[in-house]
>>> print(open('protein.cif').read())   # mmCIF, C-alpha atoms
data_protein
#
loop_
_atom_site.label_atom_id
_atom_site.label_comp_id
_atom_site.auth_asym_id
_atom_site.auth_seq_id
_atom_site.Cartn_x
_atom_site.Cartn_y
_atom_site.Cartn_z
CA MET A 1 18.87 -23.43 -27.43
CA ASP A 2 20.71 -25.16 -24.58
CA LYS A 3 22.58 -27.35 -27.10
CA GLU A 4 24.20 -24.39 -28.80
CA THR A 5 27.53 -22.92 -27.78
CA ILE A 6 27.57 -19.15 -27.40
CA ALA A 7 30.36 -16.64 -26.85
CA ALA A 8 30.60 -12.91 -26.15
CA ILE A 9 32.74 -10.23 -24.57
CA ALA A 10 31.46 -9.95 -21.00
CA THR A 11 33.19 -6.71 -20.03
CA SER A 12 32.07 -3.23 -21.06
CA SER A 13 33.32 -1.62 -24.24
CA GLY A 14 36.42 0.56 -24.23
CA LYS A 15 39.90 0.10 -22.85
CA GLY A 16 40.61 -1.53 -19.50
CA GLY A 17 43.18 -3.51 -17.58
CA ILE A 18 41.29 -6.78 -18.06
CA GLY A 19 38.79 -7.98 -20.64
CA VAL A 20 36.69 -11.12 -20.24
CA ILE A 21 35.33 -13.33 -22.99
CA ARG A 22 32.73 -15.86 -21.85
CA VAL A 23 31.87 -19.09 -23.64
CA ALA A 24 28.99 -21.39 -22.60
CA GLY A 25 27.70 -24.63 -24.06
CA PRO A 26 28.77 -28.17 -24.99
CA LYS A 27 31.76 -27.08 -27.11
CA SER A 28 33.26 -24.88 -24.39
CA THR A 29 35.93 -27.40 -23.39
CA GLU A 30 36.87 -28.07 -27.02
CA ILE A 31 37.17 -24.33 -27.65
CA CYS A 32 39.41 -23.95 -24.60
CA LYS A 33 41.75 -26.66 -25.87
CA ILE A 34 41.87 -25.06 -29.34
CA ILE A 35 42.67 -21.58 -27.98
CA THR A 36 45.04 -22.56 -25.13
CA GLY A 37 46.10 -26.12 -25.87
CA SER A 38 44.67 -27.59 -22.64
CA LEU A 39 41.71 -27.50 -20.28
CA PRO A 40 42.31 -26.12 -16.74
CA PRO A 41 41.01 -28.02 -13.71
CA ASP A 42 37.45 -27.23 -12.73
CA HIS A 43 37.08 -23.91 -10.83
CA MET A 44 40.80 -23.16 -10.97
CA ALA A 45 42.48 -20.15 -12.58
CA VAL A 46 45.40 -20.98 -14.88
CA LEU A 47 47.81 -18.65 -16.70
CA GLN A 48 47.84 -19.61 -20.39
CA LYS A 49 48.72 -18.31 -23.84
CA PHE A 50 45.83 -17.60 -26.20
CA LYS A 51 46.65 -18.61 -29.77
CA SER A 52 45.12 -18.04 -33.18
CA SER A 53 44.28 -20.80 -35.66
CA ASN A 54 47.67 -20.35 -37.34
CA GLY A 55 49.58 -20.66 -34.06
CA ASP A 56 50.29 -16.96 -33.37
CA VAL A 57 50.15 -15.95 -29.71
CA LEU A 58 47.44 -13.30 -29.43
CA ASP A 59 47.77 -12.67 -25.72
CA GLU A 60 48.52 -14.26 -22.38
CA GLY A 61 46.02 -14.31 -19.53
CA ILE A 62 43.87 -16.30 -17.13
CA THR A 63 41.60 -19.17 -18.16
CA LEU A 64 38.75 -20.33 -15.92
CA TYR A 65 36.70 -23.50 -16.46
CA PHE A 66 33.36 -24.16 -14.74
CA LYS A 67 32.06 -27.68 -15.28
CA ALA A 68 28.32 -28.19 -15.68
CA PRO A 69 26.08 -28.06 -13.73
CA HIS A 70 28.20 -26.08 -11.24
CA SER A 71 28.32 -22.85 -13.24
CA PHE A 72 26.31 -19.67 -13.59
CA THR A 73 24.25 -20.97 -16.53
CA GLY A 74 24.34 -24.65 -15.62
CA ASP A 75 26.34 -25.37 -18.81
CA ASP A 76 30.05 -25.89 -19.26
CA ILE A 77 31.56 -22.39 -19.16
CA VAL A 78 35.03 -21.17 -20.05
CA GLU A 79 36.17 -17.60 -19.43
CA PHE A 80 39.25 -16.08 -21.03
CA GLN A 81 40.63 -13.10 -19.12
CA CYS A 82 42.92 -11.18 -21.45
CA HIS A 83 44.23 -7.61 -21.56
CA GLY A 84 41.36 -5.18 -21.87
CA GLY A 85 42.11 -3.57 -25.23
CA PRO A 86 39.18 -3.66 -27.66
CA VAL A 87 41.35 -4.84 -30.56
CA ILE A 88 42.81 -7.85 -28.78
CA MET A 89 39.41 -8.84 -27.38
CA ASP A 90 37.83 -8.61 -30.83
CA MET A 91 40.65 -10.73 -32.29
CA LEU A 92 40.22 -13.40 -29.63
CA LEU A 93 36.43 -13.44 -29.96
CA LYS A 94 36.75 -13.72 -33.72
CA GLU A 95 38.97 -16.80 -33.33
CA ILE A 96 36.35 -18.39 -31.07
CA LEU A 97 33.43 -17.60 -33.38
CA ASN A 98 35.32 -19.06 -36.35
CA ILE A 99 35.14 -22.49 -34.68
CA PRO A 100 32.21 -24.48 -36.13
CA ASP A 101 28.90 -24.52 -34.21
CA VAL A 102 29.75 -21.48 -32.10
CA ARG A 103 27.78 -18.26 -32.37
CA GLN A 104 27.66 -14.78 -30.86
CA ALA A 105 25.52 -14.62 -27.72
CA GLY A 106 22.49 -12.36 -27.78
CA PRO A 107 21.62 -9.73 -25.13
CA GLY A 108 21.15 -11.39 -21.76
CA GLU A 109 21.47 -14.88 -23.19
CA PHE A 110 23.83 -16.18 -20.49
CA THR A 111 21.41 -15.03 -17.79
CA GLN A 112 18.48 -16.43 -19.74
CA ARG A 113 20.16 -19.82 -19.82
CA ALA A 114 20.71 -19.62 -16.07
CA PHE A 115 16.98 -19.03 -15.68
CA LEU A 116 15.91 -21.76 -18.11
CA ASN A 117 18.29 -24.24 -16.45
CA GLY A 118 16.82 -23.50 -13.03
CA LYS A 119 19.89 -21.80 -11.56
CA ILE A 120 17.92 -18.63 -10.77
CA ASP A 121 14.27 -17.58 -10.98
CA LEU A 122 12.99 -14.71 -13.11
CA ALA A 123 12.97 -12.18 -10.27
CA GLN A 124 16.64 -12.94 -9.60
CA ALA A 125 17.44 -12.67 -13.31
CA GLU A 126 15.85 -9.21 -13.45
CA ALA A 127 17.80 -8.23 -10.34
CA ILE A 128 21.05 -8.78 -12.25
CA ILE A 129 20.34 -6.01 -14.74
CA ASP A 130 18.95 -3.86 -11.93
CA LEU A 131 22.26 -4.28 -10.11
CA ILE A 132 24.19 -3.28 -13.23
CA ASN A 133 21.97 -0.25 -13.85
CA ALA A 134 21.69 0.88 -10.22
CA SER A 135 21.99 4.65 -9.93
CA SER A 136 22.50 4.83 -6.15
CA GLU A 137 23.99 2.77 -3.33
CA LYS A 138 20.54 1.88 -2.00
CA ALA A 139 19.40 0.79 -5.45
CA ALA A 140 22.47 -1.45 -5.77
CA LEU A 141 21.93 -2.90 -2.31
CA SER A 142 18.27 -3.64 -2.99
CA ALA A 143 19.12 -5.32 -6.31
CA SER A 144 21.79 -7.41 -4.60
CA ARG A 145 19.23 -8.61 -2.05
CA SER A 146 16.83 -9.60 -4.81
CA LEU A 147 19.64 -11.46 -6.55
CA GLN A 148 20.33 -13.34 -3.31
CA GLY A 149 16.67 -14.41 -3.27
CA VAL A 150 15.12 -12.12 -0.61
CA PHE A 151 12.13 -11.18 -2.80
CA SER A 152 11.75 -14.73 -4.14
CA GLU A 153 11.74 -16.19 -0.64
CA LYS A 154 8.89 -13.90 0.39
CA ILE A 155 6.89 -14.96 -2.68
CA ASN A 156 7.59 -18.65 -2.00
CA ASN A 157 6.49 -18.35 1.64
CA ILE A 158 3.14 -16.87 0.58
CA ASN A 159 2.82 -19.47 -2.15
CA ASP A 160 3.32 -22.33 0.32
CA ARG A 161 0.51 -21.06 2.51
CA LEU A 162 -1.68 -20.55 -0.54
CA ILE A 163 -1.11 -24.13 -1.71
CA LYS A 164 -2.06 -25.45 1.72
CA LEU A 165 -5.22 -23.36 1.68
CA ARG A 166 -6.14 -24.60 -1.79
CA THR A 167 -5.78 -28.17 -0.54
CA TYR A 168 -8.48 -27.68 2.09
CA VAL A 169 -10.87 -25.86 -0.24
CA GLU A 170 -10.53 -28.39 -3.06
CA ALA A 171 -10.87 -31.27 -0.60
CA THR A 172 -14.28 -29.88 0.31
CA ILE A 173 -15.23 -29.96 -3.35
CA ASP A 174 -13.96 -33.52 -3.87
CA PHE A 175 -15.40 -34.92 -0.61
CA PRO A 176 -18.58 -32.95 0.08
CA ASP A 177 -19.98 -35.56 2.46
CA GLU A 178 -17.01 -35.28 4.77
CA SER A 179 -17.19 -32.77 7.60
CA ILE A 180 -14.20 -30.46 7.33
CA ASP A 181 -14.10 -28.41 10.48
CA PHE A 182 -11.31 -26.23 9.07
CA ILE A 183 -13.84 -24.59 6.77
CA ASN A 184 -16.89 -24.76 8.99
CA ASP A 185 -15.21 -22.96 11.90
CA GLY A 186 -14.00 -20.09 9.70
CA GLN A 187 -10.34 -21.07 9.52
CA VAL A 188 -10.25 -20.81 5.71
CA GLU A 189 -11.56 -17.25 5.74
CA LYS A 190 -9.16 -16.37 8.56
CA GLU A 191 -6.20 -17.77 6.62
CA MET A 192 -7.26 -15.88 3.50
CA HIS A 193 -7.24 -12.63 5.47
CA VAL A 194 -3.73 -13.50 6.68
CA LEU A 195 -2.64 -13.97 3.06
CA VAL A 196 -4.24 -10.66 2.05
CA ASP A 197 -2.27 -8.90 4.80
CA ALA A 198 0.96 -10.66 3.73
CA ILE A 199 0.57 -9.68 0.06
CA THR A 200 -0.41 -6.12 0.99
CA SER A 201 2.74 -5.80 3.09
CA LEU A 202 4.86 -7.29 0.30
CA LEU A 203 3.24 -4.96 -2.22
CA ASN A 204 4.24 -1.93 -0.14
CA GLU A 205 7.83 -3.20 0.06
CA ALA A 206 7.87 -3.88 -3.68
CA ARG A 207 6.72 -0.32 -4.40
CA GLN A 208 9.78 0.94 -2.55
CA GLY A 209 11.91 -1.38 -4.68
CA VAL A 210 10.41 0.01 -7.88
CA ILE A 211 11.03 3.58 -6.72
CA LEU A 212 14.67 2.75 -5.95
CA GLN A 213 15.24 1.29 -9.40
CA GLU A 214 13.19 3.63 -11.57
CA GLY A 215 13.07 6.83 -9.55
CA ILE A 216 10.66 9.56 -10.60
CA LYS A 217 10.78 12.12 -13.38
CA ILE A 218 10.57 15.71 -12.13
CA VAL A 219 10.01 18.45 -14.71
CA ILE A 220 10.68 22.07 -13.79
CA ALA A 221 8.26 24.38 -15.62
CA GLY A 222 7.31 28.02 -15.52
CA ARG A 223 7.46 31.39 -17.26
CA PRO A 224 10.74 32.75 -18.66
CA ASN A 225 13.01 34.15 -15.93
CA ALA A 226 10.95 32.61 -13.12
CA GLY A 227 14.07 30.90 -11.76
CA LYS A 228 13.79 27.40 -13.22
CA SER A 229 17.48 27.06 -14.11
CA SER A 230 18.52 28.37 -10.69
CA LEU A 231 16.31 25.71 -9.10
CA LEU A 232 17.90 23.01 -11.26
CA ASN A 233 21.41 24.13 -10.29
CA ALA A 234 20.41 24.18 -6.61
CA LEU A 235 18.92 20.68 -6.72
CA CYS A 236 21.95 19.25 -8.54
CA GLY A 237 24.52 21.18 -6.50
CA LYS A 238 26.36 22.44 -9.58
CA ASP A 239 26.05 24.99 -12.38
CA LEU A 240 24.44 22.95 -15.14
CA ALA A 241 22.24 25.62 -16.66
CA ILE A 242 23.20 29.16 -17.65
CA VAL A 243 21.41 31.72 -15.49
CA THR A 244 20.89 35.30 -16.76
CA ASN A 245 18.27 38.03 -16.51
CA ILE A 246 17.57 37.63 -20.22
CA GLU A 247 14.29 35.86 -20.99
CA GLY A 248 14.67 32.78 -23.14
CA THR A 249 18.20 31.93 -21.98
CA THR A 250 17.32 28.21 -21.67
CA ARG A 251 16.60 27.01 -25.19
CA ASP A 252 16.49 23.23 -24.72
CA ALA A 253 15.57 20.72 -22.05
CA ILE A 254 18.43 19.94 -19.67
CA HIS A 255 18.41 16.44 -18.12
CA GLU A 256 20.25 15.45 -14.96
CA ASN A 257 20.06 12.43 -12.66
CA ILE A 258 20.50 12.95 -8.93
CA ASP A 259 19.54 11.08 -5.80
CA ILE A 260 18.09 12.30 -2.53
CA ASP A 261 18.99 9.92 0.30
CA GLY A 262 19.02 7.06 -2.21
CA LEU A 263 15.90 8.13 -4.13
CA PRO A 264 16.78 8.49 -7.85
CA LEU A 265 15.38 11.63 -9.44
CA HIS A 266 15.42 12.40 -13.15
CA ILE A 267 15.35 16.21 -13.23
CA VAL A 268 14.42 18.08 -16.41
CA ASP A 269 14.77 21.86 -16.73
CA THR A 270 12.68 23.20 -19.57
CA ALA A 271 12.68 26.34 -21.67
CA GLY A 272 10.52 29.13 -20.30
CA LEU A 273 7.00 28.74 -21.66
CA ARG A 274 5.36 31.64 -23.41
CA SER A 275 2.89 31.78 -26.25
CA HIS A 276 4.61 34.22 -28.57
CA THR A 277 8.25 34.28 -29.61
CA SER A 278 9.87 35.17 -32.92
CA ASP A 279 12.96 33.12 -32.08
CA LEU A 280 12.78 29.82 -33.99
CA VAL A 281 15.29 28.09 -31.69
CA GLU A 282 13.38 29.16 -28.59
CA GLN A 283 10.13 27.91 -30.14
CA ILE A 284 11.67 24.48 -30.72
CA GLY A 285 12.79 24.47 -27.08
CA ILE A 286 9.26 25.34 -25.96
CA ASN A 287 7.81 22.47 -27.99
CA ARG A 288 10.28 20.08 -26.39
CA ALA A 289 9.37 21.46 -22.98
CA TRP A 290 5.72 20.55 -23.55
CA ASN A 291 6.75 17.00 -24.49
CA GLU A 292 8.72 16.65 -21.24
CA ILE A 293 5.83 18.05 -19.18
CA GLU A 294 3.39 15.52 -20.59
CA GLU A 295 5.71 12.65 -19.57
CA ALA A 296 6.45 13.90 -16.05
CA ASP A 297 5.67 12.09 -12.80
CA ARG A 298 5.54 15.47 -11.03
CA ILE A 299 5.80 19.08 -12.16
CA LEU A 300 7.63 21.68 -10.12
CA PHE A 301 5.86 24.85 -11.23
CA VAL A 302 8.14 27.79 -10.47
CA PHE A 303 6.05 30.80 -9.48
CA ASP A 304 7.93 34.08 -9.24
CA VAL A 305 6.42 35.69 -6.12
CA SER A 306 8.06 39.02 -6.97
CA ARG A 307 5.73 39.11 -9.97
CA ASN A 308 2.61 37.71 -8.37
CA GLU A 309 0.48 40.21 -10.28
CA ASP A 310 1.71 38.72 -13.56
CA THR A 311 -1.43 37.06 -14.90
CA GLU A 312 0.62 35.16 -17.48
CA GLN A 313 1.97 32.91 -14.71
CA LEU A 314 -1.51 31.76 -13.69
CA LYS A 315 -2.54 31.42 -17.32
CA LEU A 316 0.45 29.16 -17.96
CA PHE A 317 -0.41 27.01 -14.95
CA LYS A 318 -3.94 26.54 -16.28
CA ASP A 319 -2.57 25.71 -19.74
CA ILE A 320 -0.32 23.01 -18.30
CA SER A 321 -3.16 21.55 -16.22
CA GLU A 322 -5.41 21.42 -19.25
CA ARG A 323 -2.74 19.98 -21.53
CA THR A 324 -1.87 17.19 -19.06
CA GLY A 325 -5.53 16.48 -18.34
CA ASN A 326 -4.87 17.17 -14.64
CA LYS A 327 -3.17 13.77 -14.48
CA VAL A 328 0.30 15.02 -13.50
CA PRO A 329 0.57 16.30 -9.90
CA PHE A 330 1.95 19.79 -9.23
CA SER A 331 4.14 21.28 -6.55
CA ILE A 332 4.31 25.08 -6.47
CA ILE A 333 7.81 26.49 -5.93
CA CYS A 334 7.32 30.00 -4.54
CA ASN A 335 10.58 31.40 -5.84
CA LYS A 336 12.50 34.63 -5.15
CA THR A 337 11.18 34.97 -1.61
CA ASP A 338 14.24 37.12 -0.85
CA LEU A 339 12.83 39.92 -3.02
CA VAL A 340 9.55 40.37 -1.14
CA SER A 341 8.85 40.43 2.57
CA ASP A 342 5.25 39.42 2.09
CA TYR A 343 3.67 37.72 -0.85
CA SER A 344 0.53 35.94 -1.93
CA ILE A 345 -0.24 33.50 -4.69
CA PRO A 346 -3.45 33.15 -6.72
CA ASN A 347 -6.28 31.19 -5.08
CA GLU A 348 -6.15 28.70 -7.95
CA LEU A 349 -2.73 27.53 -6.69
CA SER A 350 -3.56 27.44 -2.99
CA ASN A 351 -4.75 23.82 -2.98
CA TYR A 352 -1.39 22.54 -4.20
CA PRO A 353 1.72 21.89 -2.07
CA GLN A 354 3.74 25.11 -1.77
CA ILE A 355 7.45 25.34 -1.00
CA PRO A 356 8.92 28.81 -0.40
CA PHE A 357 12.35 28.94 -2.03
CA CYS A 358 15.31 31.21 -2.61
CA SER A 359 18.05 30.05 -4.96
CA LYS A 360 20.57 32.59 -3.65
CA ASP A 361 20.87 31.22 -0.12
CA LEU A 362 19.03 27.88 -0.76
CA THR A 363 16.30 28.75 1.73
CA GLY A 364 13.67 26.00 1.45
CA MET A 365 16.00 23.38 -0.10
CA ASP A 366 15.70 20.95 2.84
CA ASN A 367 11.91 21.25 2.76
CA LEU A 368 11.91 20.67 -1.00
CA ARG A 369 14.03 17.53 -0.70
CA GLU A 370 11.76 16.10 1.99
CA HIS A 371 8.72 17.04 -0.07
CA LEU A 372 9.99 15.16 -3.12
CA LYS A 373 10.66 12.04 -1.03
CA LYS A 374 7.15 12.23 0.38
CA CYS A 375 5.63 12.68 -3.09
CA ALA A 376 7.44 9.55 -4.28
CA GLY A 377 6.24 7.56 -1.27
CA TYR A 378 9.85 6.94 -0.37
CA ASN A 379 11.24 6.14 3.06
CA ASN A 380 14.88 6.07 4.07
CA THR A 381 14.97 2.62 5.61
CA THR A 382 17.20 -0.05 4.09
CA GLU A 383 15.85 -2.90 6.20
CA GLY A 384 14.52 -5.69 4.02
CA LEU A 385 14.79 -3.68 0.81
CA PHE A 386 14.76 -5.56 -2.48
CA SER A 387 14.47 -4.45 -6.09
CA ALA A 388 11.19 -4.87 -7.93
CA ARG A 389 9.57 -3.94 -11.22
CA ARG A 390 6.20 -2.65 -12.29
CA ARG A 391 5.20 -6.07 -13.61
CA HIS A 392 5.78 -7.45 -10.10
CA LEU A 393 3.44 -4.81 -8.68
CA GLU A 394 0.78 -5.71 -11.24
CA SER A 395 1.02 -9.41 -10.38
CA LEU A 396 0.80 -8.75 -6.64
CA GLU A 397 -2.17 -6.41 -7.13
CA GLU A 398 -3.97 -9.02 -9.24
CA ALA A 399 -3.27 -11.74 -6.66
CA LEU A 400 -4.73 -9.46 -4.00
CA VAL A 401 -7.91 -8.94 -6.04
CA HIS A 402 -8.38 -12.70 -6.49
CA LEU A 403 -7.93 -13.36 -2.77
CA GLN A 404 -10.43 -10.65 -1.85
CA LYS A 405 -12.94 -12.15 -4.28
CA GLY A 406 -12.25 -15.54 -2.71
CA ILE A 407 -13.10 -14.18 0.73
CA GLU A 408 -16.46 -12.96 -0.58
CA LEU A 409 -17.16 -16.34 -2.17
CA ILE A 410 -16.15 -18.47 0.81
CA ASN A 411 -18.98 -16.90 2.78
CA CYS A 412 -21.37 -18.54 0.30
CA MET A 413 -21.14 -22.20 1.29
CA SER A 414 -22.15 -23.27 -2.21
CA ALA A 415 -19.39 -21.26 -3.92
CA PHE A 416 -16.34 -23.41 -3.08
CA GLU A 417 -15.62 -24.10 -6.75
CA LEU A 418 -15.47 -20.38 -7.54
CA CYS A 419 -13.34 -19.72 -4.48
CA ALA A 420 -10.93 -22.48 -5.52
CA GLU A 421 -10.60 -20.84 -8.94
CA GLU A 422 -9.78 -17.46 -7.36
CA LEU A 423 -7.09 -19.08 -5.21
CA ARG A 424 -5.63 -20.80 -8.28
CA ASN A 425 -5.52 -17.50 -10.14
CA ALA A 426 -3.81 -15.81 -7.19
CA GLN A 427 -1.16 -18.51 -7.15
CA ASN A 428 -0.61 -18.10 -10.90
CA ASN A 429 -0.05 -14.38 -10.37
CA LEU A 430 2.66 -15.11 -7.80
CA ASN A 431 4.23 -17.72 -10.08
CA ASP A 432 4.42 -15.12 -12.87
CA ILE A 433 6.80 -13.07 -10.74
CA LEU A 434 9.21 -15.99 -10.43
CA GLY A 435 8.76 -17.02 -14.07
CA ARG A 436 7.39 -20.50 -13.44
CA PHE A 437 4.79 -20.24 -16.19
CA THR A 438 5.96 -17.27 -18.22
CA ALA A 439 5.16 -16.60 -21.87
CA ASP A 440 8.09 -16.60 -24.28
CA ASP A 441 7.28 -13.08 -25.48
CA LEU A 442 7.65 -11.72 -21.93
CA LEU A 443 10.96 -13.51 -21.52
CA GLY A 444 12.17 -12.06 -24.81
CA LYS A 445 11.16 -8.57 -23.71
CA ILE A 446 12.90 -8.91 -20.34
CA PHE A 447 16.20 -10.34 -21.54
CA SER A 448 16.43 -8.02 -24.54
CA THR A 449 17.14 -5.19 -22.08
CA PHE A 450 20.34 -6.93 -20.92
CA CYS A 451 23.78 -6.16 -22.28
CA VAL A 452 25.54 -8.68 -24.51
CA GLY A 453 27.78 -10.97 -22.49
CA LYS A 454 25.56 -11.05 -19.41
#
>>> encode(input="protein.cif", output="structure tokens")
Amino acid sequence: MDKETIAAIATSSGKGGIGVIRVAGPKSTEICKIITGSLPPDHMAVLQKFKSSNGDVLDEGITLYFKAPHSFTGDDIVEFQCHGGPVIMDMLLKEILNIPDVRQAGPGEFTQRAFLNGKIDLAQAEAIIDLINASSEKAALSASRSLQGVFSEKINNINDRLIKLRTYVEATIDFPDESIDFINDGQVEKEMHVLVDAITSLLNEARQGVILQEGIKIVIAGRPNAGKSSLLNALCGKDLAIVTNIEGTTRDAIHENIDIDGLPLHIVDTAGLRSHTSDLVEQIGINRAWNEIEEADRILFVFDVSRNEDTEQLKLFKDISERTGNKVPFSIICNKTDLVSDYSIPNELSNYPQIPFCSKDLTGMDNLREHLKKCAGYNNTTEGLFSARRRHLESLEEALVHLQKGIELINCMSAFELCAEELRNAQNNLNDILGRFTADDLLGKIFSTFCVGK
């Protein structure tokens, strides 16, 4: 793949002041000479005319040349910065792709080349798309830190200590007649506990990184006219959903992304759930509501305290619990507290978190925001934050399991071989995060999520 020359528009679609076309590979310099007539000095911006194969001037802009290996991908790279109209960019890209042995780049292929050529590791490559897709300032900052190698450095530091530990354990296997005090005096077990603590700490940091990038999906559910749409509008700070006293006003799921102190939340307001309706459109909305509920990370069940004798509310709660297999956590929003001076909720709901709320004056909003942050396991600190993904969490958790098994085995003086195997497996788990021994199908899955031109 590294012998092919690829090209793509690197800027987003639509009109803009500047559009960038990126070319990488062995024919990059030849392409530059064909399009502009000359090759700029390395790492210098030059104003040039971009010409078609028949000599027509298509545009005038900046050309940048990055000589291998001192480029993003490690290949020769040329970037043409033209005016950002989609027509002119398409015309220029077409001229480039008409040159023999040049093809359109696939999604994330420039970044994939950077990874394969050793310019970045896999965690840094994933941080690039996380930076592009960041939905809050904290998410962008954490992705930037991962791109700069903060996460990778922590993994490498643990790996170095793990390699040193493996050396001692495997030396005991290879030279059993030698007295190795490091093992006999308990230093190996002590160092393994240190590594367990280090990975546990890193795992907690990585969980924060995952939360920042992915956020959590909150689904607002309840009976018709319980105040779900009012709650959505209050959380989002704007009138997204129509609010009336007429049951069944909300017919379809309404999606909105917000953030609370940097925590991304994907809020979904659903149609009021009831078992019988003759309205076909409302029934479709109810079916979609059930689909959203089953995919939620947390359900905000809106309980109208002014109708606490309404048995249908409790019945609906039980239906949702049964349908989700009690796997989705609930928070009970005790809504319309302004209408009653004293209220009670059914005993079946008393074991769940309860937040008194009034949409008219936003009483309870601060408590609700803090509650959602706590449910997500989110803290407000930005110190040391880096972006992470669920696959990173899985690798760290597996490494932790192998180390803990190793500690159990090291106490059996005859089990050094098994302990050495557990340490090797733990190191492989850490290497998976950085992509040192990564299967091609995983790489394909990761880079397929990138945009073309990146």
>>> resolve_selection(input="protein.cif", expression="the PyMOL selection byres ((chain A and resi 257) around 9)", output="list in words")
Ser135, Cys236, His255, Glu256, Ile258, Asp259, Pro264, Leu265, His266, Ile267 and Val268 of chain A
>>> resolve_selection(input="protein.cif", expression="the PyMOL selection byres ((chain A and resi 152-169) around 8)", output="short mmCIF file (atom, residue, chain, number, x, y, z; two decimals) with C-alpha atoms, in the coordinates of the input")
data_model
loop_
_atom_site.label_atom_id
_atom_site.label_comp_id
_atom_site.auth_asym_id
_atom_site.auth_seq_id
_atom_site.Cartn_x
_atom_site.Cartn_y
_atom_site.Cartn_z
CA ASP A 121 14.27 -17.58 -10.98
CA ALA A 123 12.97 -12.18 -10.27
CA GLN A 124 16.64 -12.94 -9.60
CA SER A 146 16.83 -9.60 -4.81
CA GLY A 149 16.67 -14.41 -3.27
CA VAL A 150 15.12 -12.12 -0.61
CA PHE A 151 12.13 -11.18 -2.80
CA GLU A 170 -10.53 -28.39 -3.06
CA ALA A 171 -10.87 -31.27 -0.60
CA THR A 172 -14.28 -29.88 0.31
CA ILE A 173 -15.23 -29.96 -3.35
CA PHE A 182 -11.31 -26.23 9.07
CA ILE A 183 -13.84 -24.59 6.77
CA VAL A 188 -10.25 -20.81 5.71
CA GLU A 191 -6.20 -17.77 6.62
CA MET A 192 -7.26 -15.88 3.50
CA LEU A 195 -2.64 -13.97 3.06
CA ALA A 198 0.96 -10.66 3.73
CA ILE A 199 0.57 -9.68 0.06
CA LEU A 202 4.86 -7.29 0.30
CA PHE A 416 -16.34 -23.41 -3.08
CA CYS A 419 -13.34 -19.72 -4.48
CA ALA A 420 -10.93 -22.48 -5.52
CA LEU A 423 -7.09 -19.08 -5.21
CA ARG A 424 -5.63 -20.80 -8.28
CA GLN A 427 -1.16 -18.51 -7.15
CA LEU A 430 2.66 -15.11 -7.80
CA LEU A 434 9.21 -15.99 -10.43
#
>>> closest_residue(input="protein.cif", among="A:Phe80, A:Leu122, A:Glu322, A:Phe386", to="Arg145 (chain A)", atoms="all atoms listed in the file")
A:Phe386
>>> closest_residue(input="protein.cif", among="A:Ala221, A:Ile99, A:Ala45, A:Ala105", to="Val78 (chain A)", atoms="only C-alpha atoms")
A:Ala45
>>> closest_residue(input="protein.cif", among="A:Gln112, A:Thr63, A:Gln81, A:Asn54", to="Thr11 (chain A)", atoms="all atoms listed in the file")
A:Gln81
>>> residues_around(input="protein.cif", residues="Asp342 (chain A)", least_positions_apart="6", cutoff="12 Å", atoms="all atoms listed in the file", output="list in words")
Val305, Ser306, Asn308, Cys334, Lys336 and Pro356 of chain A
>>> residues_around(input="protein.cif", residues="Leu263 (chain A)", least_positions_apart="3", cutoff="8 Å", atoms="all atoms listed in the file", output="ChimeraX atom specification")
/A:136,211-212,215,259-260,373,378
>>> atom_distance(input="protein.cif", atom1="CA of Asn133 (chain A)", atom2="CA of Asn291 (chain A)")
25.3 Å
>>> atom_distance(input="protein.cif", atom1="CA of Ile132 (chain A)", atom2="CA of Ser387 (chain A)")
12.1 Å
>>> residues_near_point(input="protein.cif", point="(22.3, -11.4, -19.6)", cutoff="9 Å", atoms="all atoms listed in the file", output="list in words")
Gly106, Pro107, Gly108, Glu109, Phe110, Thr111, Gln112, Arg113, Ala125, Ile128, Ile129, Phe447, Ser448, Thr449, Phe450, Cys451, Val452, Gly453 and Lys454 of chain A
>>> residues_around(input="protein.cif", residues="Val302 (chain A)", least_positions_apart="3", cutoff="10 Å", atoms="only C-alpha atoms", output="short mmCIF file (atom, residue, chain, number, x, y, z; two decimals) with C-alpha atoms, in the coordinates of the input")
data_model
loop_
_atom_site.label_atom_id
_atom_site.label_comp_id
_atom_site.auth_asym_id
_atom_site.auth_seq_id
_atom_site.Cartn_x
_atom_site.Cartn_y
_atom_site.Cartn_z
CA ILE A 220 10.68 22.07 -13.79
CA ALA A 221 8.26 24.38 -15.62
CA GLY A 222 7.31 28.02 -15.52
CA ARG A 223 7.46 31.39 -17.26
CA PRO A 224 10.74 32.75 -18.66
CA ASN A 225 13.01 34.15 -15.93
CA ALA A 226 10.95 32.61 -13.12
CA GLY A 227 14.07 30.90 -11.76
CA LYS A 228 13.79 27.40 -13.22
CA LEU A 231 16.31 25.71 -9.10
CA ILE A 299 5.80 19.08 -12.16
CA VAL A 305 6.42 35.69 -6.12
CA GLN A 313 1.97 32.91 -14.71
CA PHE A 317 -0.41 27.01 -14.95
CA SER A 331 4.14 21.28 -6.55
CA ILE A 332 4.31 25.08 -6.47
CA ILE A 333 7.81 26.49 -5.93
CA CYS A 334 7.32 30.00 -4.54
CA ASN A 335 10.58 31.40 -5.84
CA LYS A 336 12.50 34.63 -5.15
CA ILE A 355 7.45 25.34 -1.00
CA PHE A 357 12.35 28.94 -2.03
#
>>> residues_around(input="protein.cif", residues="Pro40 (chain A)", least_positions_apart="6", cutoff="7 Å", atoms="only C-alpha atoms", output="PyMOL selection string")
chain A and resi 46+64-65
>>> write_last_selection(input="protein.cif", atoms="C-alpha atoms", output="tab-separated table (two decimals), keeping the file's coordinate frame")
chain	number	residue	atom	x	y	z
A	46	VAL	CA	45.40	-20.98	-14.88
A	64	LEU	CA	38.75	-20.33	-15.92
A	65	TYR	CA	36.70	-23.50	-16.46
